[in-house]
$ cat protein.tsv   # TSV, C-alpha atoms (C1' of nucleotides)
chain	number	residue	atom	x	y	z
A	1	MET	CA	-25.46	12.67	5.04
A	2	LYS	CA	-23.68	9.80	6.68
A	3	LEU	CA	-25.94	7.01	7.81
A	4	SER	CA	-25.09	5.72	11.28
A	5	VAL	CA	-25.44	2.10	12.29
A	6	ARG	CA	-28.53	3.13	14.19
A	7	GLY	CA	-30.05	4.54	11.00
A	8	LYS	CA	-29.20	1.43	9.01
A	9	TYR	CA	-30.79	-0.79	11.64
A	10	ALA	CA	-33.91	1.36	11.52
A	11	LEU	CA	-34.27	1.10	7.77
A	12	ARG	CA	-33.57	-2.60	7.76
A	13	GLY	CA	-36.17	-3.06	10.47
A	14	LEU	CA	-38.70	-1.04	8.52
A	15	THR	CA	-38.07	-3.21	5.48
A	16	VAL	CA	-39.08	-6.26	7.49
A	17	LEU	CA	-42.18	-4.47	8.74
A	18	GLY	CA	-42.92	-3.39	5.18
A	19	GLU	CA	-42.76	-6.96	3.95
A	20	ALA	CA	-45.13	-8.04	6.70
A	21	TYR	CA	-47.43	-5.06	6.34
A	22	GLY	CA	-50.99	-5.82	7.40
A	23	PRO	CA	-53.09	-5.89	10.55
A	24	GLU	CA	-50.67	-8.22	12.27
A	25	VAL	CA	-47.75	-7.20	14.37
A	26	VAL	CA	-44.11	-8.42	14.24
A	27	ARG	CA	-42.05	-9.11	17.36
A	28	ILE	CA	-38.80	-7.25	17.96
A	29	GLN	CA	-37.09	-10.56	18.46
A	30	THR	CA	-38.10	-11.76	15.02
A	31	ILE	CA	-36.72	-8.67	13.34
A	32	SER	CA	-33.61	-8.80	15.47
A	33	GLU	CA	-32.84	-12.39	14.48
A	34	GLN	CA	-33.75	-12.00	10.83
A	35	GLN	CA	-31.63	-8.87	10.39
A	36	ASN	CA	-28.83	-9.61	12.79
A	37	ILE	CA	-29.46	-6.55	14.96
A	38	PRO	CA	-28.79	-6.44	18.73
A	39	LYS	CA	-32.25	-6.86	20.25
A	40	ARG	CA	-31.81	-4.34	23.02
A	41	PHE	CA	-30.63	-1.70	20.60
A	42	LEU	CA	-33.44	-2.38	18.15
A	43	GLU	CA	-35.92	-2.02	20.97
A	44	GLN	CA	-34.66	1.50	21.57
A	45	ILE	CA	-34.74	2.37	17.88
A	46	LEU	CA	-38.26	1.12	17.25
A	47	PHE	CA	-39.53	2.98	20.26
A	48	ASP	CA	-37.98	6.09	18.83
A	49	LEU	CA	-39.65	5.51	15.48
A	50	LYS	CA	-42.92	5.13	17.32
A	51	SER	CA	-42.53	8.57	18.85
A	52	ALA	CA	-42.10	9.88	15.32
A	53	GLY	CA	-45.36	8.27	14.29
A	54	ILE	CA	-43.65	6.00	11.79
A	55	VAL	CA	-44.54	2.73	13.47
A	56	GLU	CA	-47.13	1.66	16.02
A	57	SER	CA	-47.06	-1.11	18.56
A	58	ARG	CA	-49.08	-3.54	20.56
A	59	ARG	CA	-48.01	-4.55	24.02
A	60	GLY	CA	-48.29	-7.81	25.86
A	61	VAL	CA	-47.78	-11.37	24.97
A	62	ALA	CA	-49.04	-11.10	21.39
A	63	GLY	CA	-47.36	-7.77	20.97
A	64	GLY	CA	-45.02	-6.33	18.41
A	65	TYR	CA	-44.63	-3.53	15.89
A	66	ARG	CA	-46.18	-2.62	12.59
A	67	LEU	CA	-45.96	0.33	10.20
A	68	ALA	CA	-48.21	3.23	11.13
A	69	ALA	CA	-48.94	3.86	7.44
A	70	PRO	CA	-48.77	1.90	4.17
A	71	PRO	CA	-45.16	1.34	3.10
A	72	GLU	CA	-45.54	3.56	0.03
A	73	LYS	CA	-46.44	6.46	2.31
A	74	ILE	CA	-43.19	6.35	4.26
A	75	PRO	CA	-40.34	8.12	2.43
A	76	LEU	CA	-36.83	7.26	3.56
A	77	ALA	CA	-36.16	10.97	3.97
A	78	LYS	CA	-38.69	11.12	6.79
A	79	VAL	CA	-37.04	8.27	8.66
A	80	ILE	CA	-33.52	9.55	8.17
A	81	ARG	CA	-34.40	13.11	9.14
A	82	HIS	CA	-35.93	11.89	12.37
A	83	LEU	CA	-33.00	9.67	13.27
A	84	GLU	CA	-29.99	11.50	11.92
A	85	GLY	CA	-31.07	15.08	11.38
A	86	ALA	CA	-30.25	17.03	8.25
A	87	LEU	CA	-29.85	15.39	4.87
A	88	ALA	CA	-27.56	18.25	3.86
A	89	PRO	CA	-23.78	17.73	4.07
A	90	VAL	CA	-23.40	21.05	5.90
A	91	GLY	CA	-25.73	22.60	8.45
A	92	CYS	CA	-25.77	26.06	6.93
A	93	ILE	CA	-28.03	25.03	4.04
A	94	SER	CA	-30.45	22.86	5.94
A	95	GLU	CA	-33.90	24.37	6.27
A	96	ARG	CA	-35.07	22.08	9.03
A	97	PHE	CA	-31.80	21.72	10.92
A	98	TYR	CA	-30.05	24.99	10.16
A	99	GLU	CA	-26.77	25.68	11.93
A	100	LYS	CA	-24.73	28.80	11.59
A	101	CYS	CA	-21.38	28.54	9.88
A	102	SER	CA	-18.19	30.35	10.80
A	103	CYS	CA	-17.59	31.74	7.33
A	104	PRO	CA	-17.33	35.51	6.89
A	105	ASP	CA	-20.57	35.80	4.94
A	106	GLU	CA	-22.94	32.92	4.33
A	107	LEU	CA	-24.72	34.67	1.51
A	108	GLN	CA	-21.49	34.91	-0.41
A	109	CYS	CA	-20.10	31.48	0.45
A	110	PRO	CA	-19.40	29.49	-2.73
A	111	LEU	CA	-19.10	26.25	-0.80
A	112	ARG	CA	-22.57	26.66	0.60
A	113	SER	CA	-23.87	27.18	-2.87
A	114	ILE	CA	-22.35	23.93	-4.16
A	115	MET	CA	-23.41	21.95	-1.14
A	116	LYS	CA	-26.95	23.07	-1.70
A	117	GLU	CA	-26.86	21.25	-5.01
A	118	VAL	CA	-25.62	18.14	-3.28
A	119	ARG	CA	-28.37	18.42	-0.71
A	120	ASP	CA	-31.00	18.73	-3.39
A	121	ALA	CA	-29.70	15.68	-5.21
A	122	ILE	CA	-29.80	13.61	-2.03
A	123	ALA	CA	-33.23	14.88	-1.03
A	124	LYS	CA	-34.67	14.20	-4.47
A	125	ILE	CA	-33.81	10.52	-4.15
A	126	LEU	CA	-34.71	10.03	-0.52
A	127	GLU	CA	-38.00	11.93	-0.72
A	128	ASN	CA	-39.12	9.79	-3.61
A	129	THR	CA	-38.01	6.44	-2.26
A	130	THR	CA	-40.27	4.74	0.26
A	131	VAL	CA	-40.31	1.66	2.42
A	132	ALA	CA	-42.39	0.10	-0.34
A	133	ASP	CA	-39.47	0.55	-2.71
A	134	LEU	CA	-37.19	-1.20	-0.25
A	135	VAL	CA	-39.60	-4.12	-0.21
A	136	THR	CA	-39.85	-4.26	-3.99
A	137	ARG	CA	-36.13	-4.04	-4.38
A	138	ALA	CA	-35.57	-6.76	-1.81
A	139	ALA	CA	-37.82	-9.07	-3.83
A	140	LEU	CA	-35.95	-8.27	-7.03
A	141	LEU	CA	-32.56	-8.82	-5.44
A	142	ARG	CA	-33.68	-12.15	-4.06
A	143	GLN	CA	-34.00	-13.39	-7.63
A	144	LYS	CA	-31.10	-11.49	-9.09
A	145	PRO	CA	-28.54	-10.46	-6.51
A	146	ASP	CA	-26.19	-7.55	-7.13
A	147	ARG	CA	-23.02	-8.95	-8.51
A	148	PRO	CA	-20.03	-8.52	-6.25
A	149	VAL	CA	-17.74	-5.58	-6.85
A	150	ASP	CA	-14.61	-7.66	-7.29
A	151	PHE	CA	-15.52	-9.64	-10.36
A	152	VAL	CA	-12.63	-8.03	-12.18
A	153	ILE	CA	-10.78	-10.39	-14.54
B	1	MET	CA	-21.33	12.33	3.31
B	2	LYS	CA	-21.32	14.76	6.18
B	3	LEU	CA	-18.73	17.48	5.85
B	4	SER	CA	-16.85	18.11	9.09
B	5	VAL	CA	-15.66	21.53	10.16
B	6	ARG	CA	-12.20	20.40	9.18
B	7	GLY	CA	-13.40	19.65	5.68
B	8	LYS	CA	-15.16	22.99	5.38
B	9	TYR	CA	-12.03	24.82	6.49
B	10	ALA	CA	-10.02	22.94	3.91
B	11	LEU	CA	-12.34	23.87	1.06
B	12	ARG	CA	-12.58	27.45	2.15
B	13	GLY	CA	-8.82	27.62	2.35
B	14	LEU	CA	-8.48	26.13	-1.10
B	15	THR	CA	-10.87	28.74	-2.44
B	16	VAL	CA	-8.56	31.47	-1.20
B	17	LEU	CA	-5.59	29.71	-2.78
B	18	GLY	CA	-7.59	29.31	-5.96
B	19	GLU	CA	-8.30	33.02	-6.10
B	20	ALA	CA	-4.61	33.75	-5.63
B	21	TYR	CA	-3.43	31.03	-7.98
B	22	GLY	CA	-0.09	31.83	-9.55
B	23	PRO	CA	3.61	31.49	-8.78
B	24	GLU	CA	3.24	33.34	-5.50
B	25	VAL	CA	2.49	31.77	-2.19
B	26	VAL	CA	-0.12	32.75	0.44
B	27	ARG	CA	0.62	32.77	4.15
B	28	ILE	CA	-1.46	30.61	6.53
B	29	GLN	CA	-2.08	33.67	8.62
B	30	THR	CA	-3.64	35.52	5.70
B	31	ILE	CA	-6.03	32.67	4.96
B	32	SER	CA	-6.78	32.24	8.61
B	33	GLU	CA	-7.77	35.88	9.06
B	34	GLN	CA	-9.65	36.17	5.81
B	35	GLN	CA	-11.70	33.05	6.43
B	36	ASN	CA	-12.02	33.17	10.17
B	37	ILE	CA	-10.29	29.84	10.74
B	38	PRO	CA	-8.17	29.02	13.84
B	39	LYS	CA	-4.60	29.39	12.58
B	40	ARG	CA	-3.14	26.39	14.34
B	41	PHE	CA	-5.90	24.17	13.06
B	42	LEU	CA	-5.54	25.44	9.51
B	43	GLU	CA	-1.82	24.76	9.70
B	44	GLN	CA	-2.56	21.13	10.41
B	45	ILE	CA	-5.14	20.91	7.63
B	46	LEU	CA	-2.94	22.48	4.96
B	47	PHE	CA	-0.09	20.23	5.91
B	48	ASP	CA	-2.41	17.30	5.45
B	49	LEU	CA	-3.48	18.57	2.03
B	50	LYS	CA	0.16	18.82	1.14
B	51	SER	CA	0.70	15.15	1.89
B	52	ALA	CA	-2.14	14.45	-0.53
B	53	GLY	CA	-0.38	16.45	-3.23
B	54	ILE	CA	-3.19	18.97	-3.43
B	55	VAL	CA	-1.15	21.96	-2.31
B	56	GLU	CA	2.54	22.74	-2.11
B	57	SER	CA	4.45	25.02	0.18
B	58	ARG	CA	7.44	27.20	0.59
B	59	ARG	CA	9.17	27.50	3.93
B	60	GLY	CA	10.94	30.37	5.54
B	61	VAL	CA	10.17	33.99	5.98
B	62	ALA	CA	8.58	34.49	2.58
B	63	GLY	CA	6.84	31.13	2.82
B	64	GLY	CA	3.26	30.04	2.39
B	65	TYR	CA	1.03	27.73	0.40
B	66	ARG	CA	-0.20	27.50	-3.14
B	67	LEU	CA	-2.21	24.99	-5.17
B	68	ALA	CA	-0.15	22.13	-6.56
B	69	ALA	CA	-2.23	22.17	-9.76
B	70	PRO	CA	-4.45	24.63	-11.60
B	71	PRO	CA	-7.74	25.14	-9.74
B	72	GLU	CA	-9.75	23.52	-12.54
B	73	LYS	CA	-7.75	20.33	-12.07
B	74	ILE	CA	-8.73	19.90	-8.43
B	75	PRO	CA	-12.16	18.27	-8.06
B	76	LEU	CA	-13.84	18.68	-4.69
B	77	ALA	CA	-14.31	14.92	-4.55
B	78	LYS	CA	-10.55	14.47	-4.34
B	79	VAL	CA	-10.24	16.84	-1.42
B	80	ILE	CA	-13.19	15.42	0.47
B	81	ARG	CA	-12.15	11.82	-0.06
B	82	HIS	CA	-8.72	12.57	1.35
B	83	LEU	CA	-10.03	14.40	4.39
B	84	GLU	CA	-13.26	12.62	5.22
B	85	GLY	CA	-13.08	9.28	3.50
B	86	ALA	CA	-15.99	7.84	1.56
B	87	LEU	CA	-18.50	10.00	-0.27
B	88	ALA	CA	-21.04	7.22	0.15
B	89	PRO	CA	-23.56	7.42	3.00
B	90	VAL	CA	-22.79	3.83	3.99
B	91	GLY	CA	-19.45	2.05	3.93
B	92	CYS	CA	-20.71	-1.12	2.24
B	93	ILE	CA	-21.02	0.54	-1.17
B	94	SER	CA	-17.83	2.53	-1.17
B	95	GLU	CA	-15.24	1.24	-3.59
B	96	ARG	CA	-12.31	3.09	-2.07
B	97	PHE	CA	-13.32	2.89	1.59
B	98	TYR	CA	-15.32	-0.31	1.72
B	99	GLU	CA	-16.51	-1.51	5.12
B	100	LYS	CA	-18.42	-4.67	5.75
B	101	CYS	CA	-21.99	-4.34	6.92
B	102	SER	CA	-23.78	-6.52	9.47
B	103	CYS	CA	-26.70	-7.33	7.21
B	104	PRO	CA	-27.45	-10.98	6.43
B	105	ASP	CA	-26.50	-10.70	2.76
B	106	GLU	CA	-25.02	-7.61	1.20
B	107	LEU	CA	-25.78	-8.72	-2.32
B	108	GLN	CA	-29.45	-8.87	-1.50
B	109	CYS	CA	-29.64	-5.74	0.66
B	110	PRO	CA	-32.20	-3.30	-0.75
B	111	LEU	CA	-30.87	-0.46	1.37
B	112	ARG	CA	-27.44	-0.86	-0.10
B	113	SER	CA	-28.94	-0.70	-3.54
B	114	ILE	CA	-30.71	2.61	-2.84
B	115	MET	CA	-27.70	4.12	-1.12
B	116	LYS	CA	-25.63	3.34	-4.16
B	117	GLU	CA	-27.87	5.68	-6.10
B	118	VAL	CA	-27.35	8.37	-3.52
B	119	ARG	CA	-23.62	7.86	-3.66
B	120	ASP	CA	-23.62	8.17	-7.44
B	121	ALA	CA	-25.61	11.39	-7.30
B	122	ILE	CA	-23.19	12.90	-4.80
B	123	ALA	CA	-20.13	11.73	-6.68
B	124	LYS	CA	-21.43	13.07	-9.98
B	125	ILE	CA	-21.56	16.57	-8.55
B	126	LEU	CA	-18.36	16.50	-6.55
B	127	GLU	CA	-16.27	14.88	-9.27
B	128	ASN	CA	-17.33	17.57	-11.71
B	129	THR	CA	-16.96	20.55	-9.45
B	130	THR	CA	-13.47	21.94	-8.94
B	131	VAL	CA	-11.74	24.62	-6.94
B	132	ALA	CA	-12.03	26.78	-10.06
B	133	ASP	CA	-15.82	26.54	-9.78
B	134	LEU	CA	-15.61	27.68	-6.18
B	135	VAL	CA	-13.64	30.71	-7.31
B	136	THR	CA	-16.07	31.50	-10.12
B	137	ARG	CA	-19.03	31.11	-7.87
B	138	ALA	CA	-17.48	33.31	-5.22
B	139	ALA	CA	-17.07	36.07	-7.79
B	140	LEU	CA	-20.69	35.71	-8.87
B	141	LEU	CA	-21.99	35.75	-5.34
B	142	ARG	CA	-20.00	38.84	-4.56
B	143	GLN	CA	-22.13	40.71	-7.08
B	144	LYS	CA	-25.38	38.91	-6.45
B	145	PRO	CA	-25.52	37.27	-3.03
B	146	ASP	CA	-27.87	34.37	-2.32
B	147	ARG	CA	-31.00	35.78	-0.87
B	148	PRO	CA	-31.62	34.85	2.74
B	149	VAL	CA	-33.93	31.94	3.45
B	150	ASP	CA	-36.26	33.89	5.70
B	151	PHE	CA	-37.64	36.40	3.23
B	152	VAL	CA	-41.11	34.95	3.81
B	153	ILE	CA	-43.90	37.55	3.87
C	1	DC	C1'	-55.95	-14.92	38.51
C	2	DA	C1'	-51.27	-15.85	37.76
C	3	DA	C1'	-47.47	-16.30	34.97
C	4	DA	C1'	-45.25	-15.51	30.95
C	5	DT	C1'	-44.37	-12.51	27.20
C	6	DA	C1'	-43.21	-8.28	25.04
C	7	DC	C1'	-43.13	-3.44	24.77
C	8	DT	C1'	-41.63	0.97	27.82
C	9	DT	C1'	-38.39	4.14	29.82
C	10	DG	C1'	-34.50	6.04	31.71
C	11	DA	C1'	-29.81	5.40	33.08
C	12	DT	C1'	-25.23	3.92	32.38
C	13	DT	C1'	-20.98	2.76	29.93
C	14	DA	C1'	-17.26	2.10	26.62
C	15	DT	C1'	-15.37	3.47	22.36
C	16	DT	C1'	-14.50	6.51	18.82
C	17	DT	C1'	-14.40	10.88	16.45
C	18	DA	C1'	-14.01	15.87	16.21
C	19	DA	C1'	-12.03	20.09	17.03
C	20	DG	C1'	-8.60	22.29	18.63
C	21	DT	C1'	-4.20	23.32	21.36
C	22	DC	C1'	0.73	23.01	22.58
C	23	DG	C1'	5.56	22.71	22.18
C	24	DG	C1'	9.33	22.55	20.00
C	25	DG	C1'	11.87	21.76	15.41
C	26	DT	C1'	13.51	23.09	10.66
C	27	DT	C1'	14.02	26.11	6.75
C	28	DT	C1'	14.62	30.42	4.49
C	29	DT	C1'	15.16	35.29	4.08
C	30	DT	C1'	16.99	39.70	5.36
D	1	DA	C1'	22.10	35.96	13.52
D	2	DA	C1'	17.46	36.81	14.17
D	3	DA	C1'	12.90	36.67	12.71
D	4	DA	C1'	9.30	34.66	10.12
D	5	DA	C1'	6.78	30.73	8.54
D	6	DC	C1'	6.14	26.08	7.68
D	7	DC	C1'	6.82	21.06	9.90
D	8	DC	C1'	5.38	17.39	12.94
D	9	DG	C1'	3.77	14.79	16.64
D	10	DA	C1'	1.49	14.55	20.89
D	11	DC	C1'	-2.04	15.94	23.80
D	12	DT	C1'	-6.71	17.43	25.49
D	13	DT	C1'	-11.51	18.08	25.87
D	14	DA	C1'	-16.15	17.44	24.50
D	15	DA	C1'	-19.51	15.24	22.05
D	16	DA	C1'	-21.53	11.53	19.53
D	17	DT	C1'	-22.08	6.41	18.80
D	18	DA	C1'	-23.27	1.99	19.85
D	19	DA	C1'	-24.70	-0.40	22.70
D	20	DT	C1'	-26.24	-2.65	27.56
D	21	DC	C1'	-28.89	-2.87	31.94
D	22	DA	C1'	-32.55	-2.74	35.08
D	23	DA	C1'	-36.91	-2.17	36.21
D	24	DG	C1'	-41.71	-1.14	35.00
D	25	DT	C1'	-46.29	-1.70	32.52
D	26	DA	C1'	-49.64	-3.85	29.63
D	27	DT	C1'	-51.75	-8.00	27.58
D	28	DT	C1'	-52.75	-12.62	26.72
D	29	DT	C1'	-53.48	-17.35	27.86
D	30	DG	C1'	-53.48	-21.55	30.79

$ encode --input "protein.tsv" --output "structure tokens"
Amino acid sequence: MKLSVRGKYALRGLTVLGEAYGPEVVRIQTISEQQNIPKRFLEQILFDLKSAGIVESRRGVAGGYRLAAPPEKIPLAKVIRHLEGALAPVGCISERFYEKCSCPDELQCPLRSIMKEVRDAIAKILENTTVADLVTRAALLRQKPDRPVDFVI
Amino acid sequence: MKLSVRGKYALRGLTVLGEAYGPEVVRIQTISEQQNIPKRFLEQILFDLKSAGIVESRRGVAGGYRLAAPPEKIPLAKVIRHLEGALAPVGCISERFYEKCSCPDELQCPLRSIMKEVRDAIAKILENTTVADLVTRAALLRQKPDRPVDFVI
DNA sequence: CAAATACTTGATTATTTAAGTCGGGTTTTT
DNA sequence: AAAAACCCGACTTAAATAATCAAGTATTTG
């Protein structure tokens, strides 16, 4: 599961929408500026998320986007699956995005068996983490940022 | 961490070498036939693994490849990192393959924080699984194959 | 009602990555 | 000396990524 730039933009956009969750709508431009995302590209991404039923929109001069459900009802796995496809590192273990492998016998493939464990570990986290968690974590980090990696003496 | 076809070929090849581990060497052609991998492509991959010190080779008419260390000393993480780069789903949390992100402040990015958890879960499995485990698991599966996914009534 | 604003939709493009392929070179054995 | 097998770099083709562009449609407000 490698997250593309597109996927990162989507999740960062959803975090902004999660923070502003309510009846009101947020403009693409606002998100774009706040998160440093090319506006035209974000436009495309949000429209895509709308087709997945993750966000909804209002057109016209007071238009914008908002979450289609409360933030705690939107697991990251749902977003990522829609945008990137399988969570699994190899297609031959994905249930939703299965792809045949070239190996002699899938049912006896030891690699497949290991990768299934990896898939399950990834899914466990991403199914249980929601946009609400992104919002919470953002608030925490605002008070107590992650320390940089290179603090080595 | 999406595993490319190249990466899958590598791990499947290493499984064969793991099963044959000993002083003797295995020909590319043998692996290629046994695992249904394009020979020319496998050649390239094994040569690459050699440069990483994971396998060693013997040239000439009785030539071939063998593991450069006992199978239980070769963690899958090492192989995958060499071939595919970061295990992490996003570059901004990788220690070995760090890449800057476009977000306003990495130290306050909630997405980064979640993805670090995913990375750790993946790494935990792949650091602790070795070529020897692939061999063991292959033997097990030979007696008791994974049942197919579509056994639904 | 008109103009401005903001989402809608499809098309286009440039760059990069993936998956192989090709050709010839070098080493070792028989 | 000839055959087998690894060595090594360059090349090719197809697909995916990361955008950008150009109009079009809906909605609000002066």

$ closest_atom_pairs --input "protein.tsv" --of "chain D" --to "chain B" --cutoff "7 Å" --atoms "all atoms listed in the file" --output "JSON lines"
{"residue": "D:DA4", "atom": "C1'", "partner": "B:Val61", "partner_atom": "CA", "distance": 4.3}
{"residue": "D:DA5", "atom": "C1'", "partner": "B:Gly60", "partner_atom": "CA", "distance": 5.1}
{"residue": "D:DC6", "atom": "C1'", "partner": "B:Arg59", "partner_atom": "CA", "distance": 5.0}

$ closest_residue --input "protein.tsv" --among "A:Leu49, A:Arg66, A:Leu3, A:Ile93" --to "Pro110 of chain A" --atoms "all atoms listed in the file"
A:Ile93

$ residues_around --input "protein.tsv" --residues "Thr129 of chain A" --least-positions-apart "5" --cutoff "9 Å" --atoms "all atoms listed in the file" --output "ChimeraX atom specification"
/A:72,74-77,124,134 /B:114

$ closest_residue --input "protein.tsv" --among "A:Val55, A:Cys103, A:Ala132, A:Leu83" --to "chain B" --atoms "all atoms listed in the file"
A:Cys103

$ closest_residue --input "protein.tsv" --among "B:Leu111, B:Arg40, B:Ala88, B:Glu19" --to "chain C" --atoms "all atoms listed in the file"
B:Arg40

$ decode --input "protein.tsv" --residues "segment 72-90 of chain A" --atoms "N, CA, C and O atoms" --output "PDB file, in the first residue's frame"
ATOM      1  N   GLU A  72     -16.226  10.644  12.397  1.00  0.00           N
ATOM      2  CA  GLU A  72     -15.931   9.352  13.045  1.00  0.00           C
ATOM      3  C   GLU A  72     -16.564   8.194  12.291  1.00  0.00           C
ATOM      4  O   GLU A  72     -16.336   7.033  12.625  1.00  0.00           O
ATOM      5  N   LYS A  73     -17.324   8.488  11.253  1.00  0.00           N
ATOM      6  CA  LYS A  73     -17.936   7.428  10.453  1.00  0.00           C
ATOM      7  C   LYS A  73     -17.195   7.219   9.135  1.00  0.00           C
ATOM      8  O   LYS A  73     -17.658   6.497   8.259  1.00  0.00           O
ATOM      9  N   ILE A  74     -16.077   7.902   8.972  1.00  0.00           N
ATOM     10  CA  ILE A  74     -15.319   7.770   7.723  1.00  0.00           C
ATOM     11  C   ILE A  74     -13.944   7.157   7.994  1.00  0.00           C
ATOM     12  O   ILE A  74     -12.996   7.860   8.333  1.00  0.00           O
ATOM     13  N   PRO A  75     -13.818   5.836   7.846  1.00  0.00           N
ATOM     14  CA  PRO A  75     -12.521   5.196   8.069  1.00  0.00           C
ATOM     15  C   PRO A  75     -11.564   5.520   6.931  1.00  0.00           C
ATOM     16  O   PRO A  75     -11.982   5.619   5.762  1.00  0.00           O
ATOM     17  N   LEU A  76     -10.300   5.661   7.254  1.00  0.00           N
ATOM     18  CA  LEU A  76      -9.309   5.956   6.214  1.00  0.00           C
ATOM     19  C   LEU A  76      -9.273   4.854   5.164  1.00  0.00           C
ATOM     20  O   LEU A  76      -9.029   5.107   3.989  1.00  0.00           O
ATOM     21  N   ALA A  77      -9.533   3.621   5.585  1.00  0.00           N
ATOM     22  CA  ALA A  77      -9.518   2.512   4.638  1.00  0.00           C
ATOM     23  C   ALA A  77     -10.501   2.747   3.493  1.00  0.00           C
ATOM     24  O   ALA A  77     -10.204   2.452   2.340  1.00  0.00           O
ATOM     25  N   LYS A  78     -11.648   3.300   3.818  1.00  0.00           N
ATOM     26  CA  LYS A  78     -12.652   3.548   2.774  1.00  0.00           C
ATOM     27  C   LYS A  78     -12.123   4.536   1.734  1.00  0.00           C
ATOM     28  O   LYS A  78     -12.255   4.328   0.525  1.00  0.00           O
ATOM     29  N   VAL A  79     -11.530   5.600   2.222  1.00  0.00           N
ATOM     30  CA  VAL A  79     -10.994   6.628   1.333  1.00  0.00           C
ATOM     31  C   VAL A  79      -9.888   6.058   0.456  1.00  0.00           C
ATOM     32  O   VAL A  79      -9.882   6.222  -0.767  1.00  0.00           O
ATOM     33  N   ILE A  80      -8.956   5.370   1.105  1.00  0.00           N
ATOM     34  CA  ILE A  80      -7.796   4.859   0.379  1.00  0.00           C
ATOM     35  C   ILE A  80      -8.211   3.797  -0.631  1.00  0.00           C
ATOM     36  O   ILE A  80      -7.730   3.785  -1.769  1.00  0.00           O
ATOM     37  N   ARG A  81      -9.118   2.925  -0.248  1.00  0.00           N
ATOM     38  CA  ARG A  81      -9.579   1.906  -1.198  1.00  0.00           C
ATOM     39  C   ARG A  81     -10.212   2.546  -2.418  1.00  0.00           C
ATOM     40  O   ARG A  81     -10.023   2.081  -3.533  1.00  0.00           O
ATOM     41  N   HIS A  82     -10.959   3.612  -2.206  1.00  0.00           N
ATOM     42  CA  HIS A  82     -11.596   4.252  -3.363  1.00  0.00           C
ATOM     43  C   HIS A  82     -10.567   4.905  -4.274  1.00  0.00           C
ATOM     44  O   HIS A  82     -10.661   4.809  -5.491  1.00  0.00           O
ATOM     45  N   LEU A  83      -9.573   5.520  -3.672  1.00  0.00           N
ATOM     46  CA  LEU A  83      -8.613   6.282  -4.475  1.00  0.00           C
ATOM     47  C   LEU A  83      -7.468   5.444  -5.027  1.00  0.00           C
ATOM     48  O   LEU A  83      -7.005   5.692  -6.135  1.00  0.00           O
ATOM     49  N   GLU A  84      -7.012   4.473  -4.247  1.00  0.00           N
ATOM     50  CA  GLU A  84      -5.786   3.783  -4.628  1.00  0.00           C
ATOM     51  C   GLU A  84      -5.997   2.311  -4.931  1.00  0.00           C
ATOM     52  O   GLU A  84      -5.092   1.640  -5.382  1.00  0.00           O
ATOM     53  N   GLY A  85      -7.172   1.802  -4.587  1.00  0.00           N
ATOM     54  CA  GLY A  85      -7.387   0.368  -4.771  1.00  0.00           C
ATOM     55  C   GLY A  85      -6.987  -0.407  -3.540  1.00  0.00           C
ATOM     56  O   GLY A  85      -7.103   0.093  -2.429  1.00  0.00           O
ATOM     57  N   ALA A  86      -6.488  -1.612  -3.758  1.00  0.00           N
ATOM     58  CA  ALA A  86      -6.212  -2.547  -2.674  1.00  0.00           C
ATOM     59  C   ALA A  86      -5.292  -1.994  -1.591  1.00  0.00           C
ATOM     60  O   ALA A  86      -4.354  -1.264  -1.877  1.00  0.00           O
ATOM     61  N   LEU A  87      -5.579  -2.372  -0.348  1.00  0.00           N
ATOM     62  CA  LEU A  87      -4.654  -2.100   0.744  1.00  0.00           C
ATOM     63  C   LEU A  87      -3.506  -3.100   0.713  1.00  0.00           C
ATOM     64  O   LEU A  87      -2.398  -2.800   1.138  1.00  0.00           O
ATOM     65  N   ALA A  88      -3.783  -4.294   0.210  1.00  0.00           N
ATOM     66  CA  ALA A  88      -2.804  -5.378   0.210  1.00  0.00           C
ATOM     67  C   ALA A  88      -1.587  -5.044  -0.654  1.00  0.00           C
ATOM     68  O   ALA A  88      -1.719  -4.387  -1.680  1.00  0.00           O
ATOM     69  N   PRO A  89      -0.410  -5.505  -0.224  1.00  0.00           N
ATOM     70  CA  PRO A  89       0.825  -5.264  -0.977  1.00  0.00           C
ATOM     71  C   PRO A  89       0.892  -6.049  -2.290  1.00  0.00           C
ATOM     72  O   PRO A  89       1.663  -5.698  -3.164  1.00  0.00           O
ATOM     73  N   VAL A  90       0.123  -7.128  -2.374  1.00  0.00           N
ATOM     74  CA  VAL A  90       0.057  -7.867  -3.648  1.00  0.00           C
ATOM     75  C   VAL A  90      -1.407  -8.164  -3.989  1.00  0.00           C
ATOM     76  O   VAL A  90      -2.225  -8.384  -3.098  1.00  0.00           O
TER      77      VAL A  90
END
